[in-house]
$ cat run_28.cif   # mmCIF, N, CA and C atoms
data_my_file
#
loop_
_atom_site.label_atom_id
_atom_site.label_comp_id
_atom_site.auth_asym_id
_atom_site.auth_seq_id
_atom_site.Cartn_x
_atom_site.Cartn_y
_atom_site.Cartn_z
N MET A 1 287.93 169.01 171.40
CA MET A 1 287.45 168.64 172.71
C MET A 1 285.93 168.39 172.64
N ALA A 2 285.50 167.27 173.09
CA ALA A 2 284.08 166.95 173.12
C ALA A 2 283.43 167.53 174.37
N VAL A 3 282.22 168.01 174.22
CA VAL A 3 281.47 168.55 175.34
C VAL A 3 280.18 167.75 175.46
N THR A 4 279.89 167.26 176.64
CA THR A 4 278.66 166.54 176.89
C THR A 4 277.72 167.43 177.69
N SER A 5 276.50 167.59 177.20
CA SER A 5 275.50 168.40 177.89
C SER A 5 274.50 167.48 178.56
N GLU A 6 274.03 167.87 179.73
CA GLU A 6 273.11 167.03 180.48
C GLU A 6 271.83 167.76 180.85
N SER A 7 270.77 166.98 180.86
CA SER A 7 269.46 167.43 181.30
C SER A 7 268.83 166.27 182.03
N THR A 8 268.08 166.55 183.09
CA THR A 8 267.46 165.48 183.88
C THR A 8 265.95 165.72 183.96
N THR A 9 265.19 164.65 183.73
CA THR A 9 263.74 164.70 183.91
C THR A 9 263.37 163.79 185.07
N VAL A 10 262.55 164.32 185.96
CA VAL A 10 261.98 163.52 187.06
C VAL A 10 260.48 163.45 186.78
N TRP A 11 259.96 162.23 186.65
CA TRP A 11 258.56 161.99 186.29
C TRP A 11 257.87 161.24 187.41
N ALA A 12 256.64 161.62 187.72
CA ALA A 12 255.86 160.92 188.75
C ALA A 12 254.51 160.52 188.15
N GLY A 13 254.11 159.27 188.34
CA GLY A 13 252.82 158.80 187.85
C GLY A 13 252.90 158.19 186.47
N GLY A 14 251.73 157.85 185.96
CA GLY A 14 251.64 157.26 184.63
C GLY A 14 251.74 158.33 183.55
N LEU A 15 251.68 157.89 182.30
CA LEU A 15 251.83 158.84 181.20
C LEU A 15 250.72 159.88 181.18
N ILE A 16 249.46 159.45 181.24
CA ILE A 16 248.34 160.36 181.07
C ILE A 16 248.13 161.25 182.29
N ASP A 17 248.20 160.70 183.49
CA ASP A 17 247.92 161.48 184.70
C ASP A 17 249.18 161.97 185.41
N GLY A 18 250.34 161.59 184.93
CA GLY A 18 251.59 161.98 185.58
C GLY A 18 252.08 163.34 185.14
N ASN A 19 253.18 163.75 185.74
CA ASN A 19 253.83 165.00 185.37
C ASN A 19 255.26 164.95 185.83
N GLY A 20 256.02 165.91 185.38
CA GLY A 20 257.42 165.93 185.77
C GLY A 20 258.04 167.28 185.58
N THR A 21 259.35 167.31 185.78
CA THR A 21 260.15 168.51 185.54
C THR A 21 261.38 168.13 184.73
N VAL A 22 261.77 169.04 183.87
CA VAL A 22 263.00 168.89 183.09
C VAL A 22 263.95 169.97 183.56
N ALA A 23 265.14 169.57 183.98
CA ALA A 23 266.15 170.53 184.44
C ALA A 23 267.31 170.56 183.46
N LEU A 24 267.77 171.76 183.16
CA LEU A 24 268.94 171.94 182.32
C LEU A 24 270.16 171.87 183.23
N ASP A 25 270.67 170.67 183.41
CA ASP A 25 271.74 170.44 184.39
C ASP A 25 273.05 171.13 184.06
N SER A 26 273.46 171.07 182.82
CA SER A 26 274.78 171.60 182.45
C SER A 26 274.89 173.09 182.70
N SER A 27 273.86 173.83 182.37
CA SER A 27 273.90 175.28 182.55
C SER A 27 273.31 175.70 183.88
N GLY A 28 272.40 174.90 184.42
CA GLY A 28 271.72 175.28 185.65
C GLY A 28 270.79 176.47 185.46
N LEU A 29 270.43 176.76 184.23
CA LEU A 29 269.64 177.96 183.95
C LEU A 29 268.17 177.83 184.25
N ALA A 30 267.62 176.63 184.12
CA ALA A 30 266.17 176.55 184.25
C ALA A 30 265.70 175.15 184.58
N GLN A 31 264.48 175.11 185.09
CA GLN A 31 263.75 173.86 185.31
C GLN A 31 262.34 174.11 184.80
N PHE A 32 261.82 173.18 184.00
CA PHE A 32 260.54 173.36 183.35
C PHE A 32 259.57 172.24 183.69
N PRO A 33 258.28 172.56 183.89
CA PRO A 33 257.29 171.50 184.06
C PRO A 33 257.00 170.84 182.70
N VAL A 34 256.67 169.55 182.74
CA VAL A 34 256.35 168.79 181.53
C VAL A 34 255.26 167.78 181.86
N ASN A 35 254.30 167.59 180.93
CA ASN A 35 253.28 166.56 181.12
C ASN A 35 252.70 166.15 179.77
N TRP A 36 251.92 165.08 179.78
CA TRP A 36 251.35 164.54 178.55
C TRP A 36 250.34 165.48 177.93
N LYS A 37 249.50 166.13 178.75
CA LYS A 37 248.48 167.02 178.21
C LYS A 37 249.12 168.12 177.38
N ALA A 38 250.19 168.71 177.88
CA ALA A 38 250.89 169.75 177.12
C ALA A 38 251.42 169.18 175.81
N ARG A 39 251.94 167.97 175.86
CA ARG A 39 252.54 167.36 174.67
C ARG A 39 251.49 167.01 173.63
N SER A 40 250.35 166.50 174.05
CA SER A 40 249.35 166.02 173.10
C SER A 40 248.29 167.05 172.75
N GLU A 41 248.10 168.07 173.61
CA GLU A 41 247.04 169.06 173.37
C GLU A 41 247.55 170.49 173.34
N GLY A 42 248.70 170.74 173.93
CA GLY A 42 249.22 172.10 174.04
C GLY A 42 248.66 172.78 175.28
N VAL A 43 249.52 173.16 176.19
CA VAL A 43 249.12 173.83 177.42
C VAL A 43 250.15 174.93 177.70
N ALA A 44 249.68 176.11 178.03
CA ALA A 44 250.59 177.21 178.34
C ALA A 44 251.37 176.92 179.63
N ALA A 45 252.56 177.46 179.70
CA ALA A 45 253.43 177.38 180.89
C ALA A 45 253.92 175.98 181.20
N THR A 46 253.83 175.07 180.23
CA THR A 46 254.34 173.71 180.39
C THR A 46 255.07 173.35 179.10
N THR A 47 256.29 172.87 179.22
CA THR A 47 257.06 172.57 178.01
C THR A 47 256.80 171.15 177.52
N THR A 48 257.38 170.82 176.40
CA THR A 48 257.28 169.49 175.82
C THR A 48 258.66 169.10 175.29
N PRO A 49 258.91 167.80 175.09
CA PRO A 49 260.17 167.41 174.47
C PRO A 49 260.35 168.08 173.10
N GLU A 50 259.25 168.27 172.38
CA GLU A 50 259.35 168.87 171.05
C GLU A 50 259.72 170.35 171.11
N GLU A 51 259.24 171.06 172.13
CA GLU A 51 259.63 172.46 172.29
C GLU A 51 261.13 172.56 172.59
N LEU A 52 261.61 171.65 173.43
CA LEU A 52 263.04 171.64 173.74
C LEU A 52 263.86 171.27 172.50
N LEU A 53 263.34 170.35 171.69
CA LEU A 53 263.99 169.99 170.43
C LEU A 53 264.01 171.19 169.48
N ALA A 54 262.90 171.92 169.42
CA ALA A 54 262.82 173.11 168.58
C ALA A 54 263.84 174.16 169.03
N ALA A 55 264.01 174.32 170.33
CA ALA A 55 265.00 175.27 170.85
C ALA A 55 266.40 174.86 170.41
N ALA A 56 266.70 173.58 170.52
CA ALA A 56 268.01 173.09 170.10
C ALA A 56 268.21 173.29 168.59
N HIS A 57 267.18 173.00 167.81
CA HIS A 57 267.30 173.11 166.35
C HIS A 57 267.48 174.57 165.93
N SER A 58 266.69 175.48 166.48
CA SER A 58 266.82 176.88 166.08
C SER A 58 268.17 177.46 166.48
N ALA A 59 268.66 177.10 167.65
CA ALA A 59 269.97 177.61 168.10
C ALA A 59 271.10 177.05 167.24
N CYS A 60 271.07 175.76 166.99
CA CYS A 60 272.12 175.12 166.20
C CYS A 60 272.14 175.66 164.78
N PHE A 61 270.96 175.76 164.16
CA PHE A 61 270.88 176.27 162.80
C PHE A 61 271.42 177.70 162.73
N SER A 62 271.01 178.57 163.67
CA SER A 62 271.47 179.96 163.66
C SER A 62 272.98 180.04 163.78
N MET A 63 273.56 179.20 164.62
CA MET A 63 275.01 179.18 164.76
C MET A 63 275.69 178.72 163.48
N ALA A 64 275.17 177.65 162.87
CA ALA A 64 275.76 177.12 161.64
C ALA A 64 275.67 178.13 160.51
N LEU A 65 274.52 178.78 160.37
CA LEU A 65 274.34 179.78 159.32
C LEU A 65 275.27 180.97 159.55
N SER A 66 275.34 181.47 160.77
CA SER A 66 276.22 182.60 161.08
C SER A 66 277.68 182.27 160.79
N PHE A 67 278.08 181.06 161.16
CA PHE A 67 279.45 180.61 160.92
C PHE A 67 279.77 180.57 159.43
N ALA A 68 278.88 179.96 158.65
CA ALA A 68 279.11 179.83 157.20
C ALA A 68 279.16 181.20 156.53
N LEU A 69 278.23 182.07 156.90
CA LEU A 69 278.20 183.41 156.32
C LEU A 69 279.48 184.18 156.64
N ALA A 70 279.90 184.17 157.91
CA ALA A 70 281.10 184.90 158.32
C ALA A 70 282.35 184.34 157.64
N ASN A 71 282.43 183.02 157.51
CA ASN A 71 283.59 182.41 156.84
C ASN A 71 283.67 182.79 155.37
N ALA A 72 282.53 183.12 154.78
CA ALA A 72 282.50 183.52 153.37
C ALA A 72 282.62 185.04 153.22
N GLY A 73 282.89 185.74 154.31
CA GLY A 73 283.07 187.18 154.25
C GLY A 73 281.79 187.98 154.32
N HIS A 74 280.70 187.36 154.80
CA HIS A 74 279.40 188.02 154.90
C HIS A 74 278.87 187.93 156.33
N ALA A 75 279.59 188.51 157.27
CA ALA A 75 279.17 188.42 158.67
C ALA A 75 277.76 188.99 158.82
N PRO A 76 276.83 188.21 159.36
CA PRO A 76 275.46 188.70 159.50
C PRO A 76 275.36 189.70 160.66
N GLU A 77 274.49 190.69 160.47
CA GLU A 77 274.19 191.60 161.57
C GLU A 77 273.25 190.92 162.56
N ARG A 78 272.37 190.07 162.02
CA ARG A 78 271.36 189.42 162.86
C ARG A 78 270.81 188.21 162.14
N VAL A 79 270.61 187.13 162.88
CA VAL A 79 269.93 185.94 162.36
C VAL A 79 268.85 185.58 163.38
N GLN A 80 267.61 185.45 162.90
CA GLN A 80 266.51 185.02 163.76
C GLN A 80 265.92 183.75 163.17
N THR A 81 265.87 182.70 163.97
CA THR A 81 265.35 181.42 163.51
C THR A 81 264.30 180.91 164.48
N THR A 82 263.16 180.55 163.95
CA THR A 82 262.13 179.86 164.71
C THR A 82 262.04 178.45 164.16
N ALA A 83 262.13 177.46 165.03
CA ALA A 83 261.94 176.07 164.62
C ALA A 83 260.60 175.61 165.17
N ALA A 84 259.77 175.08 164.30
CA ALA A 84 258.46 174.55 164.69
C ALA A 84 258.50 173.04 164.53
N VAL A 85 258.55 172.32 165.64
CA VAL A 85 258.60 170.86 165.63
C VAL A 85 257.20 170.34 165.90
N THR A 86 256.71 169.50 164.99
CA THR A 86 255.36 168.96 165.09
C THR A 86 255.37 167.55 165.64
N PHE A 87 254.47 167.30 166.61
CA PHE A 87 254.31 165.99 167.24
C PHE A 87 252.86 165.58 167.13
N GLU A 88 252.62 164.30 166.85
CA GLU A 88 251.27 163.76 166.86
C GLU A 88 251.28 162.47 167.67
N ALA A 89 250.40 162.41 168.67
CA ALA A 89 250.32 161.22 169.52
C ALA A 89 250.07 160.00 168.63
N GLY A 90 250.80 158.95 168.88
CA GLY A 90 250.67 157.72 168.11
C GLY A 90 251.55 157.67 166.87
N LYS A 91 252.03 158.83 166.43
CA LYS A 91 252.89 158.89 165.25
C LYS A 91 254.29 159.40 165.58
N GLY A 92 254.40 160.25 166.58
CA GLY A 92 255.70 160.78 166.97
C GLY A 92 255.99 162.13 166.38
N VAL A 93 257.28 162.44 166.26
CA VAL A 93 257.72 163.72 165.70
C VAL A 93 257.59 163.64 164.19
N LEU A 94 256.82 164.56 163.61
CA LEU A 94 256.52 164.52 162.18
C LEU A 94 257.44 165.39 161.35
N GLY A 95 258.10 166.37 161.96
CA GLY A 95 259.00 167.22 161.19
C GLY A 95 259.39 168.46 161.96
N SER A 96 260.34 169.18 161.37
CA SER A 96 260.79 170.46 161.92
C SER A 96 260.80 171.46 160.77
N HIS A 97 260.19 172.61 161.00
CA HIS A 97 260.15 173.67 159.99
C HIS A 97 260.93 174.87 160.52
N LEU A 98 261.90 175.32 159.76
CA LEU A 98 262.72 176.46 160.14
C LEU A 98 262.23 177.71 159.41
N LEU A 99 261.97 178.75 160.16
CA LEU A 99 261.57 180.05 159.62
C LEU A 99 262.70 181.02 159.96
N VAL A 100 263.40 181.49 158.94
CA VAL A 100 264.64 182.24 159.14
C VAL A 100 264.55 183.62 158.51
N SER A 101 264.98 184.61 159.25
CA SER A 101 265.09 185.97 158.76
C SER A 101 266.45 186.50 159.21
N ALA A 102 267.17 187.15 158.29
CA ALA A 102 268.50 187.63 158.65
C ALA A 102 268.82 188.94 157.94
N ARG A 103 269.67 189.71 158.59
CA ARG A 103 270.24 190.91 157.97
C ARG A 103 271.69 190.59 157.66
N VAL A 104 271.97 190.55 156.36
CA VAL A 104 273.33 190.24 155.89
C VAL A 104 273.68 191.23 154.79
N PRO A 105 274.42 192.29 155.12
CA PRO A 105 274.75 193.30 154.11
C PRO A 105 275.51 192.69 152.93
N GLY A 106 275.15 193.16 151.73
CA GLY A 106 275.88 192.78 150.53
C GLY A 106 275.58 191.40 149.98
N LEU A 107 274.54 190.75 150.45
CA LEU A 107 274.23 189.39 149.99
C LEU A 107 272.89 189.40 149.26
N SER A 108 272.82 188.72 148.13
CA SER A 108 271.55 188.63 147.41
C SER A 108 270.65 187.58 148.07
N GLU A 109 269.37 187.65 147.76
CA GLU A 109 268.40 186.68 148.30
C GLU A 109 268.78 185.26 147.89
N ALA A 110 269.18 185.07 146.65
CA ALA A 110 269.55 183.73 146.16
C ALA A 110 270.80 183.21 146.88
N GLU A 111 271.78 184.07 147.09
CA GLU A 111 272.98 183.65 147.82
C GLU A 111 272.62 183.26 149.25
N PHE A 112 271.77 184.08 149.87
CA PHE A 112 271.37 183.79 151.25
C PHE A 112 270.64 182.46 151.34
N GLU A 113 269.73 182.20 150.42
CA GLU A 113 268.99 180.93 150.43
C GLU A 113 269.93 179.74 150.29
N ALA A 114 270.99 179.88 149.49
CA ALA A 114 271.97 178.79 149.34
C ALA A 114 272.69 178.53 150.67
N PHE A 115 273.08 179.60 151.36
CA PHE A 115 273.71 179.44 152.68
C PHE A 115 272.74 178.80 153.67
N ALA A 116 271.49 179.24 153.65
CA ALA A 116 270.48 178.69 154.57
C ALA A 116 270.22 177.22 154.30
N ASP A 117 270.12 176.84 153.03
CA ASP A 117 269.91 175.42 152.69
C ASP A 117 271.08 174.56 153.16
N ASP A 118 272.29 175.09 153.01
CA ASP A 118 273.47 174.34 153.46
C ASP A 118 273.47 174.19 154.98
N ALA A 119 273.14 175.25 155.70
CA ALA A 119 273.09 175.17 157.17
C ALA A 119 272.00 174.20 157.61
N LYS A 120 270.87 174.20 156.92
CA LYS A 120 269.78 173.27 157.25
C LYS A 120 270.25 171.83 157.12
N ALA A 121 271.00 171.54 156.08
CA ALA A 121 271.47 170.17 155.85
C ALA A 121 272.61 169.77 156.77
N ASN A 122 273.42 170.74 157.20
CA ASN A 122 274.66 170.38 157.87
C ASN A 122 274.81 170.77 159.32
N CYS A 123 273.84 171.50 159.90
CA CYS A 123 274.00 171.79 161.33
C CYS A 123 273.87 170.45 162.08
N PRO A 124 274.60 170.29 163.17
CA PRO A 124 274.58 169.00 163.88
C PRO A 124 273.20 168.54 164.33
N ILE A 125 272.32 169.45 164.72
CA ILE A 125 270.98 169.02 165.15
C ILE A 125 270.17 168.56 163.94
N SER A 126 270.28 169.26 162.80
CA SER A 126 269.61 168.77 161.58
C SER A 126 270.09 167.37 161.23
N GLN A 127 271.37 167.14 161.36
CA GLN A 127 271.91 165.81 161.06
C GLN A 127 271.37 164.77 162.03
N ALA A 128 271.21 165.14 163.30
CA ALA A 128 270.65 164.23 164.28
C ALA A 128 269.18 163.94 164.00
N LEU A 129 268.51 164.87 163.33
CA LEU A 129 267.09 164.72 163.00
C LEU A 129 266.88 164.17 161.59
N ALA A 130 267.85 163.49 161.05
CA ALA A 130 267.79 163.00 159.67
C ALA A 130 266.59 162.10 159.39
N GLY A 131 265.98 161.54 160.41
CA GLY A 131 264.85 160.64 160.21
C GLY A 131 263.51 161.34 160.02
N ILE A 132 263.50 162.68 160.08
CA ILE A 132 262.24 163.42 159.90
C ILE A 132 262.42 164.48 158.81
N PRO A 133 261.33 164.91 158.19
CA PRO A 133 261.45 166.00 157.21
C PRO A 133 261.82 167.31 157.89
N ILE A 134 262.75 168.03 157.28
CA ILE A 134 263.12 169.37 157.74
C ILE A 134 262.87 170.30 156.57
N THR A 135 262.03 171.30 156.80
CA THR A 135 261.72 172.28 155.76
C THR A 135 262.21 173.65 156.22
N ILE A 136 262.30 174.57 155.26
CA ILE A 136 262.85 175.88 155.59
C ILE A 136 262.20 176.97 154.74
N GLU A 137 262.00 178.11 155.37
CA GLU A 137 261.65 179.36 154.70
C GLU A 137 262.68 180.36 155.17
N ALA A 138 263.48 180.89 154.24
CA ALA A 138 264.55 181.81 154.62
C ALA A 138 264.47 183.07 153.77
N GLU A 139 264.61 184.22 154.44
CA GLU A 139 264.59 185.48 153.71
C GLU A 139 265.47 186.51 154.39
N LEU A 140 265.96 187.43 153.58
CA LEU A 140 266.73 188.54 154.12
C LEU A 140 265.77 189.58 154.66
N ALA A 141 266.11 190.15 155.78
CA ALA A 141 265.25 191.17 156.39
C ALA A 141 265.60 192.55 155.85
#

$ encode --input "run_28.cif" --output "structure tokens"
Amino acid sequence: MAVTSESTTVWAGGLIDGNGTVALDSSGLAQFPVNWKARSEGVAATTTPEELLAAAHSACFSMALSFALANAGHAPERVQTTAAVTFEAGKGVLGSHLLVSARVPGLSEAEFEAFADDAKANCPISQALAGIPITIEAELA
């Protein structure tokens, strides 16, 4: 069964002086302010498309890694993933860096890194981001 997720942005004004809101329509969980200054300079309490992309990437990767580990008989106690998506005005999205820490009883560091590399390559969001570099640092906690 396919699931379609929706989000709506309402924008007012031009790129530089305008602003908007991004609503998570499918879940109804939140609405976030968004503007160019936050995207190009970084501003607290205002999101960016790249922050939302990072949220999607970290969640998808964590799910893919947990699934692969459990299917191999190594159910993780905990997986923590931070995705850092870099944007530069005039160049676009430059890459996504995954920082992963997990507690997986009975697994060696080398085995864990192999699972993490596979999840990085095969999670659906990583595949959608195939046009940018994706890097990873993964370690057992």

$ residues_around --input "run_28.cif" --residues "range 113-123 of chain A" --least-positions-apart "4" --cutoff "6.5 Å" --atoms "only N, CA and C atoms" --output "number ranges by chain"
A: 60-61, 64-65, 108-109, 127-128, 138

$ resolve_selection --input "run_28.cif" --expression "the PyMOL selection byres (((chain A and resi 35 and name CA) around 9) and name CA)" --output "PyMOL selection string"
chain A and resi 11+15-21+33-34+36-40+46-48

$ write_last_selection --input "run_28.cif" --atoms "N, CA and C atoms" --output "JSON list (two decimals), in the frame of the given file"
[["chain", "number", "residue", "atom", "x", "y", "z"],
["A", 11, "TRP", "N", 259.96, 162.23, 186.65],
["A", 11, "TRP", "CA", 258.56, 161.99, 186.29],
["A", 11, "TRP", "C", 257.87, 161.24, 187.41],
["A", 15, "LEU", "N", 251.68, 157.89, 182.30],
["A", 15, "LEU", "CA", 251.83, 158.84, 181.20],
["A", 15, "LEU", "C", 250.72, 159.88, 181.18],
["A", 16, "ILE", "N", 249.46, 159.45, 181.24],
["A", 16, "ILE", "CA", 248.34, 160.36, 181.07],
["A", 16, "ILE", "C", 248.13, 161.25, 182.29],
["A", 17, "ASP", "N", 248.20, 160.70, 183.49],
["A", 17, "ASP", "CA", 247.92, 161.48, 184.70],
["A", 17, "ASP", "C", 249.18, 161.97, 185.41],
["A", 18, "GLY", "N", 250.34, 161.59, 184.93],
["A", 18, "GLY", "CA", 251.59, 161.98, 185.58],
["A", 18, "GLY", "C", 252.08, 163.34, 185.14],
["A", 19, "ASN", "N", 253.18, 163.75, 185.74],
["A", 19, "ASN", "CA", 253.83, 165.00, 185.37],
["A", 19, "ASN", "C", 255.26, 164.95, 185.83],
["A", 20, "GLY", "N", 256.02, 165.91, 185.38],
["A", 20, "GLY", "CA", 257.42, 165.93, 185.77],
["A", 20, "GLY", "C", 258.04, 167.28, 185.58],
["A", 21, "THR", "N", 259.35, 167.31, 185.78],
["A", 21, "THR", "CA", 260.15, 168.51, 185.54],
["A", 21, "THR", "C", 261.38, 168.13, 184.73],
["A", 33, "PRO", "N", 258.28, 172.56, 183.89],
["A", 33, "PRO", "CA", 257.29, 171.50, 184.06],
["A", 33, "PRO", "C", 257.00, 170.84, 182.70],
["A", 34, "VAL", "N", 256.67, 169.55, 182.74],
["A", 34, "VAL", "CA", 256.35, 168.79, 181.53],
["A", 34, "VAL", "C", 255.26, 167.78, 181.86],
["A", 36, "TRP", "N", 251.92, 165.08, 179.78],
["A", 36, "TRP", "CA", 251.35, 164.54, 178.55],
["A", 36, "TRP", "C", 250.34, 165.48, 177.93],
["A", 37, "LYS", "N", 249.50, 166.13, 178.75],
["A", 37, "LYS", "CA", 248.48, 167.02, 178.21],
["A", 37, "LYS", "C", 249.12, 168.12, 177.38],
["A", 38, "ALA", "N", 250.19, 168.71, 177.88],
["A", 38, "ALA", "CA", 250.89, 169.75, 177.12],
["A", 38, "ALA", "C", 251.42, 169.18, 175.81],
["A", 39, "ARG", "N", 251.94, 167.97, 175.86],
["A", 39, "ARG", "CA", 252.54, 167.36, 174.67],
["A", 39, "ARG", "C", 251.49, 167.01, 173.63],
["A", 40, "SER", "N", 250.35, 166.50, 174.05],
["A", 40, "SER", "CA", 249.35, 166.02, 173.10],
["A", 40, "SER", "C", 248.29, 167.05, 172.75],
["A", 46, "THR", "N", 253.83, 175.07, 180.23],
["A", 46, "THR", "CA", 254.34, 173.71, 180.39],
["A", 46, "THR", "C", 255.07, 173.35, 179.10],
["A", 47, "THR", "N", 256.29, 172.87, 179.22],
["A", 47, "THR", "CA", 257.06, 172.57, 178.01],
["A", 47, "THR", "C", 256.80, 171.15, 177.52],
["A", 48, "THR", "N", 257.38, 170.82, 176.40],
["A", 48, "THR", "CA", 257.28, 169.49, 175.82],
["A", 48, "THR", "C", 258.66, 169.10, 175.29]]

$ axis_aligned_box --input "run_28.cif" --around "range 82-93 of chain A" --padding-each-side "6 Å" --output "lines of an AutoDock Vina configuration file"
center_x = 256.6
center_y = 169.1
center_z = 166.7
size_x = 25.1
size_y = 34.9
size_z = 17.6

$ atom_distance --input "run_28.cif" --atom1 "CA of Thr8 in chain A" --atom2 "atom N of Glu51 in chain A"
15.4 Å

$ select_by_dssp --input "run_28.cif" --residues "chain A" --states "strand (DSSP E or B)" --output "MDAnalysis selection string"
chainID A and resid 8:12 19:23 31:35 47 78:88 92:103 134:140

$ resolve_selection --input "run_28.cif" --expression "the PyMOL selection byres ((chain A and resi 132) around 8)" --output "short mmCIF file (atom, residue, chain, number, x, y, z; two decimals) with N, CA and C atoms, keeping the file's coordinate frame"
data_model
loop_
_atom_site.label_atom_id
_atom_site.label_comp_id
_atom_site.auth_asym_id
_atom_site.auth_seq_id
_atom_site.Cartn_x
_atom_site.Cartn_y
_atom_site.Cartn_z
N VAL A 93 257.28 162.44 166.26
CA VAL A 93 257.72 163.72 165.70
C VAL A 93 257.59 163.64 164.19
N LEU A 94 256.82 164.56 163.61
CA LEU A 94 256.52 164.52 162.18
C LEU A 94 257.44 165.39 161.35
N GLY A 95 258.10 166.37 161.96
CA GLY A 95 259.00 167.22 161.19
C GLY A 95 259.39 168.46 161.96
N SER A 96 260.34 169.18 161.37
CA SER A 96 260.79 170.46 161.92
C SER A 96 260.80 171.46 160.77
N ALA A 128 271.21 165.14 163.30
CA ALA A 128 270.65 164.23 164.28
C ALA A 128 269.18 163.94 164.00
N LEU A 129 268.51 164.87 163.33
CA LEU A 129 267.09 164.72 163.00
C LEU A 129 266.88 164.17 161.59
N ALA A 130 267.85 163.49 161.05
CA ALA A 130 267.79 163.00 159.67
C ALA A 130 266.59 162.10 159.39
N GLY A 131 265.98 161.54 160.41
CA GLY A 131 264.85 160.64 160.21
C GLY A 131 263.51 161.34 160.02
N PRO A 133 261.33 164.91 158.19
CA PRO A 133 261.45 166.00 157.21
C PRO A 133 261.82 167.31 157.89
N ILE A 134 262.75 168.03 157.28
CA ILE A 134 263.12 169.37 157.74
C ILE A 134 262.87 170.30 156.57
N THR A 135 262.03 171.30 156.80
CA THR A 135 261.72 172.28 155.76
C THR A 135 262.21 173.65 156.22
#

$ resolve_selection --input "run_28.cif" --expression "the PyMOL selection byres ((chain A and resi 140) around 7)" --output "PDB file with N, CA and C atoms, keeping the file's coordinate frame"
ATOM      1  N   VAL A 100     263.400 181.490 158.940  1.00  0.00           N
ATOM      2  CA  VAL A 100     264.640 182.240 159.140  1.00  0.00           C
ATOM      3  C   VAL A 100     264.550 183.620 158.510  1.00  0.00           C
ATOM      4  N   SER A 101     264.980 184.610 159.250  1.00  0.00           N
ATOM      5  CA  SER A 101     265.090 185.970 158.760  1.00  0.00           C
ATOM      6  C   SER A 101     266.450 186.500 159.210  1.00  0.00           C
ATOM      7  N   ALA A 102     267.170 187.150 158.290  1.00  0.00           N
ATOM      8  CA  ALA A 102     268.500 187.630 158.650  1.00  0.00           C
ATOM      9  C   ALA A 102     268.820 188.940 157.940  1.00  0.00           C
ATOM     10  N   ARG A 103     269.670 189.710 158.590  1.00  0.00           N
ATOM     11  CA  ARG A 103     270.240 190.910 157.970  1.00  0.00           C
ATOM     12  C   ARG A 103     271.690 190.590 157.660  1.00  0.00           C
ATOM     13  N   VAL A 104     271.970 190.550 156.360  1.00  0.00           N
ATOM     14  CA  VAL A 104     273.330 190.240 155.890  1.00  0.00           C
ATOM     15  C   VAL A 104     273.680 191.230 154.790  1.00  0.00           C
ATOM     16  N   GLU A 109     269.370 187.650 147.760  1.00  0.00           N
ATOM     17  CA  GLU A 109     268.400 186.680 148.300  1.00  0.00           C
ATOM     18  C   GLU A 109     268.780 185.260 147.890  1.00  0.00           C
ATOM     19  N   PHE A 112     271.770 184.080 149.870  1.00  0.00           N
ATOM     20  CA  PHE A 112     271.370 183.790 151.250  1.00  0.00           C
ATOM     21  C   PHE A 112     270.640 182.460 151.340  1.00  0.00           C
ATOM     22  N   ALA A 138     263.480 180.890 154.240  1.00  0.00           N
ATOM     23  CA  ALA A 138     264.550 181.810 154.620  1.00  0.00           C
ATOM     24  C   ALA A 138     264.470 183.070 153.770  1.00  0.00           C
ATOM     25  N   GLU A 139     264.610 184.220 154.440  1.00  0.00           N
ATOM     26  CA  GLU A 139     264.590 185.480 153.710  1.00  0.00           C
ATOM     27  C   GLU A 139     265.470 186.510 154.390  1.00  0.00           C
ATOM     28  N   ALA A 141     266.110 190.150 155.780  1.00  0.00           N
ATOM     29  CA  ALA A 141     265.250 191.170 156.390  1.00  0.00           C
ATOM     30  C   ALA A 141     265.600 192.550 155.850  1.00  0.00           C
TER      31      ALA A 141
END

$ residues_around --input "run_28.cif" --residues "Ser5 in chain A" --least-positions-apart "6" --cutoff "8 Å" --atoms "only N, CA and C atoms" --output "list in words"
Leu24, Asp25, Ser26 and Ser27 of chain A
